[in-house]
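Notes follow the structure.
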Amino acid sequence: MDAATATTVDAAPGSGKDLLLSATDVTMQFGGLKAVNDVSMQIHTGEIVGLIGPNGAGKTTFFNCLTGLYKPTSGSVEFIGRPLPPRPRKVVREGMARTFQNIRLFHNMTALENVMVGRYCRTKTNAIDAIFRLPRHRREEREATARSRELLAFVGLEKHADTLSRNLPYGDQRRLEIARALATDPKLLLLDEPTAGMNPQETREAEDLIFRIRDLGLAILVIEHDMRFIFNLCDRVYCLVRGEVLVEGPGEVVQNDPRVIEAYIGTPQIVEEEGNADA
Amino acid sequence: MMTIGSESRQRFELPARIVGGVAAVVAAASVLLSWSYDPAALDDMSFWGAPSPLQFHYLALGALAAILYLLPIALRPRNGSWTNWVAWNTAARFASFTLLGFPVIAVIAIALEAGGLINVDPGAWLALGAGVVATLAGVLLPTSPEPAMHRIKTHPVIQILAIAAGMGALLFAAVFALGLQDAGAFLLYAGFAAGLVLTLLRLGVFGWLAVCAAANKRVLVLAAFFVAFAFPFTQNGSEANMSIATQVLIFGATALGLNIVVGLVGLLDLGYIAFLGAGAFTSAVLSGSAFATINWTPPFWLTVLISGTVASLLGLLIGSPTLRVSGDYLAIVTLAFGEIFRITMNNLDGSDGPNVTNGSDGIPGIPDLNFFGFDFGATHVIFGVTIGRFANYFWLMLLILALIIVVFTNLNRSRIGRGWVAIREDELAAEAMGVNTFALKLLAFATGAFLAGVAGAVKAHHDVSVTPDQYVFLESAFLLAAVVLGGMGTVMGVLIGATILKLLPEKLRFFSDYRLLLFGLLLVFMMRFRPEGIIADERRQLEFHATDEELAEEVEEELVTYHAHYNPDPKGQK
């Protein structure tokens with residue numbers, strides 16, 4: 001806990017902008033295991049924040065706490081000044097959308113339909129509207145289709161609108177997942193390892209896509225293992241080790257911090273009990 | 001069967017065509033001879049020189065096979081030309097199989113029905129022999145490339161005419177099949193139809209028809225309803241067939257309700273028949289029957305709405321606590337619910353609590369409907385054709401089925417339908433994308449139950465009496481089988497599945513002891529060879545697009561490299 005010293009909170013580039021997400025002392029305990037321990041995080045509008053850490057550091061668990069999949073054992077998460085409801089679909093309505101580490105698309109739906117599911121929480125058509133094709137249904141359907149096609153074009157998938165998502169190449173599936181998340185009109189986008197399994201070319205494209213999303217005025221929190229990707233991309237980086245924030249700060253600071261290097265590749269000195277860190 | 005190399009196939013091609021063509025002609029000509037000594041067997045095939053209607057079908061098939069064998073000799077199909085858009089050889093092969101299978105079934109049926117092979121006359125033996133020769137010739141032909149008739153650019157008028165002709169053929173086939181009283185004859189006809197369908201499929205006719213239908217969807221739907229509407233006129237007062245047809249519609253409407261729950265949302269419901277029962281009992285209690293327990297008879301449209309509402313309330317009742325479990329658990333809970341419904345209806349006889357259903361006696365004597373003086377129980381004469389009681393109910397049910405189809409498709413193509421399918425595909429991801437999964441599942445349960453309840457309201461009047469023992473688990477299983485067999489998530493498929501599952505037992509009564517065995521086998525074969533059902537869901541059908549196939553290969557490659565480079569945490573989300 002005491003090791004989790006925040007280095008440069010006040011100098012954060014986004015500090016001039018509005019505070020979007022504020023997690024305070026979030027702890028998630030599974031039985032005897034503290035997967036996330038007293039993690040605090042602030043994200044401002046228009047900021048790209050990275051979350052790194054060795055395998056099992058608790059990154060995805062922390063994600064799940066933010067998105068309502070888990071209810072934190074203790075601590076609080078506030079989004080635009082209000083506490084987050086502990087239900088994934090309510091979190092989405094508040095304006096926070098995510099992608100998954102292992103792609104979770106709706107495989108037997110077309111790319112367009114996948115994105116349109118993302119519009120679900122921003123539309124209000126009920127069963128009666130749909131059965132009788134009332135004006136609200138028609139209007140919302142038209143708008144949702146247009147917006148979804150727009151988003152498909154934004155991520156570069158407009159040609160594959162009518163392709164089943166499971167038939168898309170791997171990199172396109174990742175981008176489709178991002179388009180689906182964008183369809184929920186988020187203010188904060190959480191990306192869980194968006195470049196896992198991508199080749200360098202695709203990684204560069206993903207980088208470019210994330211910058212373009214930031215330029216839309218969204219904040220982005222991204223989990224990643226690819227260090228070059230993270231330090232190219234992020235304004236600030238949090239390094240999570242064994243459930244605790246080890247270092248927080250701008251990319252260069254975190255990159256050169258000996259504790260981060262140690263957490264990833266171990267110490268060159270005599271290995272003591274800390275040597276098991278990246279188990 | 002021995003395997004023949006492609007070279008020798010080429011060498012055999014011309015002789016095989018000539019032999020096959022001659023055999024097909026001989027098979028066709030065999031209908032001029034008597035097939036059966038006993039006129040009672042197979043709707044009378046005992047005439048010399050005057051074929052029975054079934055034999056005429058065989059004649060037509062023989063002629064088709066002869067054309068398929070002989071025409072290519074003159075045309076010399078080449079790659080790239082229109083002559084190669086038809087898969088001549090494969091189609092000829094399937095036609096030959098049917099030419100053989102038809103007399104095989106006929107000989108067996110004659111022997112069984114008339115008592116011994118002695119009753120089989122020369123015509124059948126000749127057809128059998130010709131069928132064997134034709135089949136051998138068909139096997140010797142080289143396999144043709146995939147048919148490409150769907151590439152033909154067709155004038156819209158011709159497309160519509162093609163749809164009309166297809167629907168006409170369908171109506172004719174249905175009327176003919178229902179008119180066959182003899183079980184062997186029905187089986188023979190079913191075999192013929194299956195063989196013909198396979199032959200035409202290989203020819204590419206269905207591919208072409210599908211293109212025509214896709215371009216004229218409204219025409220297709222209108223034509224289908226026109227055919228269904230015209231059906232009673234072909235029966236001229238025959239009540240037995242109209243009753244079967246009405247039961248098919250009721251069964252189909254209920255299966256469509258179940259299709260929402262099973263096909264779209266992917267929840268396994270094994271007690272679905274309870275909702276049909278709830279609708280039927282509600283309608284019966286409000287029918288004004290002498291045995292009804294409530295002395296209030298609202299107009300029928302209101303009864304329909306009340307029946308649907310009662311059923312959907314029941315759906316909400318069972319759904320709200322149980323939809324939190326999923327998969328096998330939900331199946332078990334709904335199975336139990338179906339039984340609880342039946343037992344409750346059995347016990348609401350007044351001896352212990354209120355009398356609602358008269359216990360196991362049920363509610364008999366339900367009066368016929370009467371719309372503005374149009375008595376559903378009476379026989380009417382329209383355009384000189386006698387329209388009986390069941391035909392009236394058939395039309396009513398047809399109207400209701402049309403409404404149910406509208407409800408189903410409109411919901412399916414809306415935000416709600418997308419939410420349902422998203423839940424089926426990945427419930428957690430759907431929830432994480434803002435879909436209210438619990439509410440949507442509940443809505444699916446309520447909507448499906450409503451549709452079943454509406455069907456039940458008509459069923460009560462059609463059946464005249466409602467008893468609890470009509471709503472046993474087996475019926476739920478049949479409903480589920482209809483959905484799975486026909487194609488989950490589709491309208492057409494489920495209606496076809498419902499027709500098969502309702503029609504076959506009625507027509508093959510001698511087989512009733514074995515019908516469960518038969519359906520079990522049918523389902524096993526379907527799961528093995530066509531798991532998506534007779535008609536595949538549009539979404540699933542997209543898999544067959546050529547461009548998608550290329551993409552699929554790419555995905556395969558990508559996945560291989562992905563796994564080689566990066567081994568993801570198999571548990572994923574922890």
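We name chains A, B, ... following the order of the structure tokens; residues begin at 1 in each chain, and ligands are numbered from 1 as shown.
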For the structure I just gave you, how does DSSP split stretch 92-142 of chain A - specifically, which residues are alpha helix (DSSP H)? Reply as number ranges by chain.
A: 92-94, 111-118, 127-131, 135-142
File of the preceding selection, C-alpha atoms, as a PDB file, in the first residue's frame:
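Result file follows (again_30.pdb):
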ATOM      1  CA  VAL A  92     -23.316   1.821 -19.929  1.00  0.00           C
ATOM      2  CA  ARG A  93     -26.229   4.216 -19.689  1.00  0.00           C
ATOM      3  CA  GLU A  94     -24.100   6.513 -17.547  1.00  0.00           C
ATOM      4  CA  ALA A 111     -21.396  -6.508 -38.153  1.00  0.00           C
ATOM      5  CA  LEU A 112     -24.126  -3.890 -38.530  1.00  0.00           C
ATOM      6  CA  GLU A 113     -26.455  -5.697 -36.132  1.00  0.00           C
ATOM      7  CA  ASN A 114     -23.655  -5.982 -33.597  1.00  0.00           C
ATOM      8  CA  VAL A 115     -23.187  -2.229 -33.615  1.00  0.00           C
ATOM      9  CA  MET A 116     -26.949  -1.672 -33.519  1.00  0.00           C
ATOM     10  CA  VAL A 117     -27.132  -3.711 -30.301  1.00  0.00           C
ATOM     11  CA  GLY A 118     -24.848  -1.037 -28.900  1.00  0.00           C
ATOM     12  CA  ALA A 127     -42.818  -4.003 -27.984  1.00  0.00           C
ATOM     13  CA  ILE A 128     -45.985  -2.140 -28.976  1.00  0.00           C
ATOM     14  CA  ASP A 129     -44.023   0.336 -31.115  1.00  0.00           C
ATOM     15  CA  ALA A 130     -42.232  -2.535 -32.812  1.00  0.00           C
ATOM     16  CA  ILE A 131     -45.282  -4.728 -33.434  1.00  0.00           C
ATOM     17  CA  PRO A 135     -43.367   6.256 -35.854  1.00  0.00           C
ATOM     18  CA  ARG A 136     -41.007   5.999 -32.894  1.00  0.00           C
ATOM     19  CA  HIS A 137     -39.870   2.559 -34.025  1.00  0.00           C
ATOM     20  CA  ARG A 138     -39.312   3.704 -37.579  1.00  0.00           C
ATOM     21  CA  ARG A 139     -37.489   6.862 -36.590  1.00  0.00           C
ATOM     22  CA  GLU A 140     -35.243   5.144 -34.059  1.00  0.00           C
ATOM     23  CA  GLU A 141     -34.556   2.289 -36.437  1.00  0.00           C
ATOM     24  CA  ARG A 142     -33.548   4.745 -39.141  1.00  0.00           C
TER      25      ARG A 142
END
Compute the chain A side of the contact with chain B at 7 Å, counting only C-alpha atoms, and hand it back as a PyMOL selection string.
chain A and resi 60+88-90+92-93+101-102+104+106-109+117-118+120-121+127+130-131+163-164+167-170+181+197
Considering only C-alpha atoms, state which residue in the set A:Arg119, A:Lys124, A:Arg133, A:His160 is at the smallest distance from A:Thr184.
A:Arg119
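Taking atom CA of B:Val494 as the reference point, atom CA of B:Ala477 is found at 14.1 Å.
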Give me the residues within 6 Å of stretch 36-51 of chain A as a PDB file with N, CA and C atoms, in the first residue's frame, counting only C-alpha atoms and dropping any in the same chain fewer than 3 places off.
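Result went into out18.pdb, see below:
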ATOM      1  N   GLY A  14      -4.399  16.020 -18.235  1.00  0.00           N
ATOM      2  CA  GLY A  14      -5.833  16.246 -18.305  1.00  0.00           C
ATOM      3  C   GLY A  14      -6.353  17.076 -17.164  1.00  0.00           C
ATOM      4  N   ASP A  18     -12.304  18.488 -17.183  1.00  0.00           N
ATOM      5  CA  ASP A  18     -13.227  17.986 -16.168  1.00  0.00           C
ATOM      6  C   ASP A  18     -12.820  16.597 -15.699  1.00  0.00           C
ATOM      7  N   LEU A  19     -13.054  16.383 -14.427  1.00  0.00           N
ATOM      8  CA  LEU A  19     -12.828  15.057 -13.870  1.00  0.00           C
ATOM      9  C   LEU A  19     -13.982  14.161 -14.294  1.00  0.00           C
ATOM     10  N   LEU A  20     -13.629  13.058 -14.951  1.00  0.00           N
ATOM     11  CA  LEU A  20     -14.669  12.169 -15.470  1.00  0.00           C
ATOM     12  C   LEU A  20     -14.911  11.008 -14.526  1.00  0.00           C
ATOM     13  N   LEU A  21     -13.830  10.293 -14.277  1.00  0.00           N
ATOM     14  CA  LEU A  21     -13.939   9.114 -13.428  1.00  0.00           C
ATOM     15  C   LEU A  21     -13.014   9.280 -12.244  1.00  0.00           C
ATOM     16  N   SER A  22     -13.544   8.949 -11.100  1.00  0.00           N
ATOM     17  CA  SER A  22     -12.711   9.026  -9.919  1.00  0.00           C
ATOM     18  C   SER A  22     -12.954   7.784  -9.077  1.00  0.00           C
ATOM     19  N   ALA A  23     -11.973   6.897  -9.069  1.00  0.00           N
ATOM     20  CA  ALA A  23     -12.060   5.696  -8.241  1.00  0.00           C
ATOM     21  C   ALA A  23     -11.231   5.934  -6.994  1.00  0.00           C
ATOM     22  N   THR A  24     -11.827   5.683  -5.844  1.00  0.00           N
ATOM     23  CA  THR A  24     -11.128   5.942  -4.593  1.00  0.00           C
ATOM     24  C   THR A  24     -11.009   4.659  -3.782  1.00  0.00           C
ATOM     25  N   ASP A  25      -9.781   4.257  -3.535  1.00  0.00           N
ATOM     26  CA  ASP A  25      -9.488   3.107  -2.672  1.00  0.00           C
ATOM     27  C   ASP A  25     -10.320   1.878  -3.007  1.00  0.00           C
ATOM     28  N   VAL A  26     -10.381   1.520  -4.270  1.00  0.00           N
ATOM     29  CA  VAL A  26     -11.182   0.356  -4.655  1.00  0.00           C
ATOM     30  C   VAL A  26     -10.463  -0.926  -4.258  1.00  0.00           C
ATOM     31  N   THR A  27     -11.151  -1.780  -3.533  1.00  0.00           N
ATOM     32  CA  THR A  27     -10.608  -3.071  -3.123  1.00  0.00           C
ATOM     33  C   THR A  27     -11.571  -4.165  -3.559  1.00  0.00           C
ATOM     34  N   MET A  28     -11.037  -5.201  -4.159  1.00  0.00           N
ATOM     35  CA  MET A  28     -11.876  -6.334  -4.550  1.00  0.00           C
ATOM     36  C   MET A  28     -11.262  -7.587  -3.973  1.00  0.00           C
ATOM     37  N   GLY A  58      -4.284  -7.861 -11.634  1.00  0.00           N
ATOM     38  CA  GLY A  58      -5.611  -7.385 -11.239  1.00  0.00           C
ATOM     39  C   GLY A  58      -6.178  -6.330 -12.157  1.00  0.00           C
ATOM     40  N   ARG A 214     -10.051   9.522 -29.327  1.00  0.00           N
ATOM     41  CA  ARG A 214      -9.764  10.575 -28.355  1.00  0.00           C
ATOM     42  C   ARG A 214     -10.144  11.947 -28.938  1.00  0.00           C
ATOM     43  N   GLY A 217     -13.356  13.493 -28.465  1.00  0.00           N
ATOM     44  CA  GLY A 217     -13.637  14.067 -27.158  1.00  0.00           C
ATOM     45  C   GLY A 217     -13.880  13.035 -26.075  1.00  0.00           C
ATOM     46  N   LEU A 218     -13.533  11.787 -26.373  1.00  0.00           N
ATOM     47  CA  LEU A 218     -13.734  10.744 -25.372  1.00  0.00           C
ATOM     48  C   LEU A 218     -12.464  10.563 -24.542  1.00  0.00           C
ATOM     49  N   ALA A 219     -12.659  10.080 -23.340  1.00  0.00           N
ATOM     50  CA  ALA A 219     -11.520   9.633 -22.547  1.00  0.00           C
ATOM     51  C   ALA A 219     -11.386   8.136 -22.744  1.00  0.00           C
ATOM     52  N   ILE A 220     -10.141   7.636 -22.667  1.00  0.00           N
ATOM     53  CA  ILE A 220      -9.918   6.214 -22.912  1.00  0.00           C
ATOM     54  C   ILE A 220      -9.033   5.650 -21.819  1.00  0.00           C
ATOM     55  N   LEU A 221      -9.455   4.517 -21.295  1.00  0.00           N
ATOM     56  CA  LEU A 221      -8.608   3.771 -20.366  1.00  0.00           C
ATOM     57  C   LEU A 221      -8.267   2.462 -21.062  1.00  0.00           C
ATOM     58  N   VAL A 222      -6.963   2.193 -21.200  1.00  0.00           N
ATOM     59  CA  VAL A 222      -6.587   1.033 -21.980  1.00  0.00           C
ATOM     60  C   VAL A 222      -5.633   0.135 -21.203  1.00  0.00           C
ATOM     61  N   ILE A 223      -5.989  -1.153 -21.169  1.00  0.00           N
ATOM     62  CA  ILE A 223      -5.096  -2.167 -20.603  1.00  0.00           C
ATOM     63  C   ILE A 223      -4.261  -2.706 -21.734  1.00  0.00           C
ATOM     64  N   CYS A 234      -0.326   6.844 -24.441  1.00  0.00           N
ATOM     65  CA  CYS A 234      -1.010   7.313 -23.239  1.00  0.00           C
ATOM     66  C   CYS A 234      -0.427   8.606 -22.687  1.00  0.00           C
ATOM     67  N   ASP A 235      -1.328   9.432 -22.178  1.00  0.00           N
ATOM     68  CA  ASP A 235      -0.911  10.633 -21.480  1.00  0.00           C
ATOM     69  C   ASP A 235      -0.362  10.275 -20.109  1.00  0.00           C
ATOM     70  N   ARG A 236      -1.049   9.332 -19.474  1.00  0.00           N
ATOM     71  CA  ARG A 236      -0.601   8.890 -18.153  1.00  0.00           C
ATOM     72  C   ARG A 236      -0.722   7.384 -18.096  1.00  0.00           C
ATOM     73  N   VAL A 237       0.101   6.764 -17.269  1.00  0.00           N
ATOM     74  CA  VAL A 237       0.085   5.311 -17.156  1.00  0.00           C
ATOM     75  C   VAL A 237       0.048   4.926 -15.681  1.00  0.00           C
ATOM     76  N   TYR A 238      -0.822   3.992 -15.362  1.00  0.00           N
ATOM     77  CA  TYR A 238      -0.810   3.395 -14.033  1.00  0.00           C
ATOM     78  C   TYR A 238      -0.191   2.017 -14.155  1.00  0.00           C
ATOM     79  N   CYS A 239       0.701   1.690 -13.253  1.00  0.00           N
ATOM     80  CA  CYS A 239       1.263   0.340 -13.259  1.00  0.00           C
ATOM     81  C   CYS A 239       0.752  -0.403 -12.035  1.00  0.00           C
ATOM     82  N   GLY A 243      -2.227  -6.212  -7.499  1.00  0.00           N
ATOM     83  CA  GLY A 243      -3.441  -5.554  -7.037  1.00  0.00           C
ATOM     84  C   GLY A 243      -3.237  -4.147  -6.519  1.00  0.00           C
ATOM     85  N   GLU A 244      -1.983  -3.658  -6.529  1.00  0.00           N
ATOM     86  CA  GLU A 244      -1.755  -2.320  -6.011  1.00  0.00           C
ATOM     87  C   GLU A 244      -1.114  -1.433  -7.072  1.00  0.00           C
TER      88      GLU A 244
END
Pick from A:Leu134, A:Leu216, A:Leu66, A:Ala179 nearest to A:Ala153, counting only C-alpha atoms:
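Comparing A:Leu134, A:Leu216, A:Leu66, A:Ala179 against A:Ala153, the winner is A:Ala179.
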Do you know which residues are at most 10 Å from B:Glu475 counting only C-alpha atoms, after dropping those on the same chain fewer than 3 positions away, and could you put them as a list in words?
Phe251, Leu270, Gly271, Tyr272, Ile273, Ala274, Gln470, Tyr471, Val472, Phe478, Leu479, Leu480 and Ala481 of chain B
Once you have the residues from the selection above, write them out as a JSON list (two decimals), in the first residue's frame, restricted to C-alpha atoms.
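This went into again18.json:
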[["chain", "number", "residue", "atom", "x", "y", "z"],
["B", 251, "PHE", "CA", -49.81, -26.17, -33.83],
["B", 270, "LEU", "CA", -39.94, -27.82, -22.07],
["B", 271, "GLY", "CA", -43.36, -26.95, -20.68],
["B", 272, "TYR", "CA", -44.64, -24.74, -23.43],
["B", 273, "ILE", "CA", -47.87, -26.60, -24.07],
["B", 274, "ALA", "CA", -49.13, -25.19, -20.75],
["B", 470, "GLN", "CA", -54.49, -32.93, -23.94],
["B", 471, "TYR", "CA", -51.65, -30.89, -22.51],
["B", 472, "VAL", "CA", -49.07, -33.50, -21.64],
["B", 478, "PHE", "CA", -43.36, -32.10, -30.26],
["B", 479, "LEU", "CA", -43.54, -28.32, -30.31],
["B", 480, "LEU", "CA", -39.84, -28.12, -29.57],
["B", 481, "ALA", "CA", -39.15, -30.73, -32.24]]
Enter the distance from atom CA of B:Phe511 to atom CA of B:Ala183, in Å, rounded to one decimal.
8.9 Å
Got a sec to tell me which of stretch 54-271 of chain A DSSP assigns to strand (DSSP E or B), as an MDAnalysis selection string?
chainID A and resid 74:79 82:83 96:98 110 164 188:192 219:223 236:241 244:249
Tell me which protein, DNA and RNA residues are within 9 Å of stretch 58-69 of chain B, counting only C-alpha atoms, leaving out same-chain ones fewer than 2 positions away, and put them as a ChimeraX atom specification.
/B:16-31,51,53-56,71-73,88-89,91-96,98-99,102,134,138,192,196
Report as a list in words all protein, DNA and RNA residues lying within 8 Å of B:Phe97, evaluated on only C-alpha atoms, omitting residues in the same chain fewer than 5 positions from it.
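Contacts, in chain order: Gly131, Ala134, Thr135 and Gly195 of chain B.
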Show me, as a PyMOL selection string, the residues that have an atom within 12 Å of B:Ile118 when counting only C-alpha atoms, minus same-chain residues fewer than 6 positions from it.
chain B and resi 35-38+107-108+110-112+124-125
